[in-house]
Amino acid sequence: MRASERSGFRALGIAVLHVAFLAIVVWASANWIVSNKGILALYRYSLGTLPSYRYAERLNDAISATGKKVLLVGPSTVREGFDDQVMNRTSPQYTFVNSGVTSPGTIVHTELLVDMLRWYEIEVDELVLGLNSRMLASRPSPLLGTRYVDFMDYGESLYYLRFVHPRQSRRTREALYENHVWPMNRIATRLDYLVRYGLFELQRRFSWSGSKPRRAFERGSDPLVHRGGFRYRESRHRPELLSSHLDTMRRLGLLQAERYGGAAEIQSLRNTLNKARTVADRVTVVIMPEHSAVVDDFASFGDRPFNAVLEEFEAAGVRVVDRRRSIPDELIRDIAHLVPDGRVRLSTDIARAFPEMEP
């Protein structure tokens with residue numbers, strides 16, 4: 001082999017090594033960026049209805065909050081059950097942040113919310129988990145359409161695949177893997193939202209020939225809308241809502257005792273409480289209010305294992321506040337979501353109780 005050929009191969013080899021080294025540096029840097037809580041700043045304006053983005057927006061509020069931080073975590077019963085502004089006025093020595101989100105209402109989903117606090121090292125003084133025994137139901141907890149996959153640690157997230165609907169399992173695993181292999185995927189997904197929203201706002205404000213409608217900049221079903229602040233449903237109690245909710249649960253098989261308190265769900269409850277204790281100095285479980293028409297039936301489904309686990313953790317220092325029967329039926333919209341007056345009542349009650357529960 002001629003010297004010139006050897007020199008050419010050597011130069012090619014060095015170039016390949018440089019490219020490989022650069023690729024590793026870019027990959028490692030991107031991986032660090034997406035696993036750092038600074039990435040959550042991209043979600044300060046959630047844009048749309050995706051619950052994962054709404055949750056990330058509230059975590060930004062918790063990060064920037066001052067004073068003694070109390071983060072409220074859980075499904076839509078938490079979202080609709082607490083008004084953090086009322087709580088802050090009631091007990092101003094605390095800063096309450098309600099991060100409750102629309103969800104399937106499973107304990108597995110709440111475990112995921114707590115895991116996000118761990119993965120991004122969100123620091124709060126106290127954590128409030130809004131739970132009830134209905135959350136021990138065996139039902140799917142979606143990750144892909146809700147875009148929780150964009151926030152999940154790959155290694156630990158494989159655990160959650162067992163709770164995804166079988167038809168979504170393969171696609172969810174692929175999305176998790178893609179995000180792991182090329183972490184810039186997550187940033188690109190979010191920047192796509194922000195760029196399209198920015199273009200819409202620019203042409204809306206400065207177009208001389210008439211602006212294009214918002215839908216011209218949207219992809220899929222999630223709208224490019226920042227709703228501004230925390231929004232509640234303001235509807236009042238209507239008997240037909242209770243009936244409709246029960247009909248839906250009956251159709252899904254969720255009025256059968258055997259659907260509650262399985263080994264996987266009980267373990268998830270334990271996981272949630274154990275992980276919560278690593279996030280905050282103090283953990284409080286609020287057993288959320290339910291309509292009197294369902295409270296006894298659901299208690300017979302999952303209360304025994306639910307209460308047994310709570311008693312175990314209460315002995316270890318977790319505070320348990322039972323408010324299941326604390327709100328009258330006329331202040332509950334369906335089976336468990338509170339109307340505005342009920343929300344104010346529960347918020348005031350829990351905020352007043354906090355100072356009394358301090359050691």
# chains A, B, ... in the order shown; residues from 1 in each chain; ligands from 1

$ select_by_dssp --residues "stretch 133-328 of chain A" --states "strand (DSSP E)" --output "CSV table (one decimal) with N, CA and C atoms, in the first residue's frame"
chain,number,residue,atom,x,y,z
A,280,ALA,N,-40.4,15.2,49.4
A,280,ALA,CA,-40.8,16.2,50.3
A,280,ALA,C,-40.5,15.8,51.7
A,281,ASP,N,-40.3,16.8,52.6
A,281,ASP,CA,-40.0,16.5,54.0
A,281,ASP,C,-41.3,15.9,54.7
A,282,ARG,N,-42.4,16.4,54.2
A,282,ARG,CA,-43.7,15.9,54.8
A,282,ARG,C,-44.7,15.5,53.7
A,283,VAL,N,-45.4,14.4,53.9
A,283,VAL,CA,-46.3,13.9,52.9
A,283,VAL,C,-47.7,13.8,53.6
A,284,THR,N,-48.7,14.3,53.0
A,284,THR,CA,-50.1,14.2,53.5
A,284,THR,C,-51.0,13.6,52.4
A,285,VAL,N,-51.7,12.6,52.8
A,285,VAL,CA,-52.7,12.0,52.0
A,285,VAL,C,-54.1,12.6,52.4
A,286,VAL,N,-54.8,13.2,51.4
A,286,VAL,CA,-56.2,13.6,51.6
A,286,VAL,C,-57.1,12.6,50.9
A,287,ILE,N,-57.9,11.9,51.6
A,287,ILE,CA,-58.9,11.0,51.0
A,287,ILE,C,-60.0,11.9,50.5
A,319,ARG,N,-49.1,11.7,57.0
A,319,ARG,CA,-50.4,12.2,57.6
A,319,ARG,C,-51.5,11.8,56.6
A,320,VAL,N,-52.6,11.3,57.2
A,320,VAL,CA,-53.8,10.9,56.5
A,320,VAL,C,-55.0,11.7,57.0
A,321,VAL,N,-55.6,12.4,56.1
A,321,VAL,CA,-56.8,13.3,56.4
A,321,VAL,C,-58.0,12.8,55.6
A,322,ASP,N,-58.9,12.2,56.3
A,322,ASP,CA,-60.1,11.6,55.6
A,322,ASP,C,-61.2,12.7,55.4

$ closest_residue --among "A:Glu126, A:Arg333, A:Pro340, A:Thr146" --to "A:Val318" --atoms "only C-alpha atoms"
A:Glu126

$ residues_around --residues "A:Val86" --least-positions-apart "2" --cutoff "12 Å" --atoms "only C-alpha atoms" --output "NGL selection string"
:A and (81-84 or 88-92 or 94-98 or 340-341 or 343-352)

$ write_last_selection --atoms "N, CA and C atoms" --output "tab-separated table (two decimals), in the first residue's frame"
chain	number	residue	atom	x	y	z
A	81	GLY	N	-60.80	19.88	42.98
A	81	GLY	CA	-61.12	19.88	44.41
A	81	GLY	C	-60.47	20.97	45.22
A	82	PHE	N	-59.39	21.58	44.69
A	82	PHE	CA	-58.66	22.58	45.46
A	82	PHE	C	-58.48	23.86	44.66
A	83	ASP	N	-58.63	24.96	45.32
A	83	ASP	CA	-58.33	26.28	44.75
A	83	ASP	C	-57.14	26.81	45.53
A	84	ASP	N	-55.96	26.78	44.90
A	84	ASP	CA	-54.76	27.15	45.65
A	84	ASP	C	-54.75	28.62	46.06
A	88	ASN	N	-54.02	29.77	49.79
A	88	ASN	CA	-52.96	30.72	50.13
A	88	ASN	C	-53.48	31.89	50.95
A	89	ARG	N	-54.71	32.32	50.68
A	89	ARG	CA	-55.30	33.39	51.49
A	89	ARG	C	-55.65	32.89	52.88
A	90	THR	N	-56.04	31.62	52.97
A	90	THR	CA	-56.46	31.06	54.26
A	90	THR	C	-55.27	30.84	55.17
A	91	SER	N	-54.18	30.31	54.63
A	91	SER	CA	-52.96	30.05	55.41
A	91	SER	C	-51.76	30.64	54.67
A	92	PRO	N	-51.56	31.95	54.78
A	92	PRO	CA	-50.52	32.63	53.98
A	92	PRO	C	-49.10	32.24	54.34
A	94	TYR	N	-48.02	29.42	53.98
A	94	TYR	CA	-47.68	28.40	52.99
A	94	TYR	C	-47.91	28.96	51.58
A	95	THR	N	-47.26	28.33	50.60
A	95	THR	CA	-47.55	28.60	49.20
A	95	THR	C	-48.05	27.31	48.58
A	96	PHE	N	-49.36	27.21	48.40
A	96	PHE	CA	-49.98	26.01	47.83
A	96	PHE	C	-49.99	26.12	46.30
A	97	VAL	N	-49.63	25.03	45.63
A	97	VAL	CA	-49.69	24.95	44.17
A	97	VAL	C	-50.47	23.69	43.80
A	98	ASN	N	-51.60	23.88	43.12
A	98	ASN	CA	-52.42	22.75	42.70
A	98	ASN	C	-51.95	22.26	41.33
A	340	PRO	N	-67.84	24.82	42.34
A	340	PRO	CA	-67.06	25.92	42.93
A	340	PRO	C	-67.21	26.08	44.44
A	341	ASP	N	-68.44	26.04	44.95
A	341	ASP	CA	-68.62	26.21	46.40
A	341	ASP	C	-68.00	25.06	47.18
A	343	ARG	N	-65.41	23.35	46.17
A	343	ARG	CA	-63.96	23.53	46.08
A	343	ARG	C	-63.46	24.54	47.11
A	344	VAL	N	-64.19	25.63	47.27
A	344	VAL	CA	-63.81	26.63	48.27
A	344	VAL	C	-63.88	26.04	49.67
A	345	ARG	N	-64.90	25.25	49.90
A	345	ARG	CA	-65.09	24.65	51.23
A	345	ARG	C	-63.96	23.68	51.57
A	346	LEU	N	-63.62	22.79	50.64
A	346	LEU	CA	-62.55	21.83	50.91
A	346	LEU	C	-61.20	22.54	50.99
A	347	SER	N	-60.97	23.51	50.14
A	347	SER	CA	-59.69	24.25	50.14
A	347	SER	C	-59.48	24.96	51.47
A	348	THR	N	-60.53	25.62	51.95
A	348	THR	CA	-60.44	26.34	53.23
A	348	THR	C	-60.20	25.36	54.37
A	349	ASP	N	-60.91	24.24	54.33
A	349	ASP	CA	-60.80	23.22	55.38
A	349	ASP	C	-59.37	22.69	55.47
A	350	ILE	N	-58.80	22.27	54.34
A	350	ILE	CA	-57.46	21.67	54.36
A	350	ILE	C	-56.40	22.71	54.69
A	351	ALA	N	-56.55	23.92	54.15
A	351	ALA	CA	-55.56	24.97	54.44
A	351	ALA	C	-55.56	25.32	55.92
A	352	ARG	N	-56.73	25.37	56.54
A	352	ARG	CA	-56.79	25.65	57.98
A	352	ARG	C	-56.22	24.51	58.81

$ closest_residue --among "A:Glu123, A:Glu330, A:Glu240, A:Glu156" --to "A:Ser64" --atoms "only C-alpha atoms"
A:Glu123

$ closest_atom_pairs --of "stretch 95-165 of chain A" --to "stretch 25-46 of chain A" --cutoff "12 Å" --atoms "only C-alpha atoms" --output "CSV"
residue,atom,partner,partner_atom,distance
A:Met116,CA,A:Lys37,CA,9.8
A:Leu117,CA,A:Lys37,CA,9.3
A:Arg118,CA,A:Lys37,CA,10.1
A:Trp119,CA,A:Ser35,CA,7.1
A:Tyr120,CA,A:Lys37,CA,4.7
A:Glu121,CA,A:Lys37,CA,6.9
A:Ile122,CA,A:Lys37,CA,7.4
A:Glu123,CA,A:Lys37,CA,10.5
A:Val149,CA,A:Val34,CA,12.0
A:Asp150,CA,A:Val34,CA,8.9
A:Phe151,CA,A:Val34,CA,7.9
A:Met152,CA,A:Ser35,CA,8.7
A:Asp153,CA,A:Ser35,CA,7.7
A:Tyr154,CA,A:Ser35,CA,10.5

$ closest_residue --among "A:Arg214, A:His245, A:Arg205, A:His109" --to "A:Ala293" --atoms "only C-alpha atoms"
A:His245
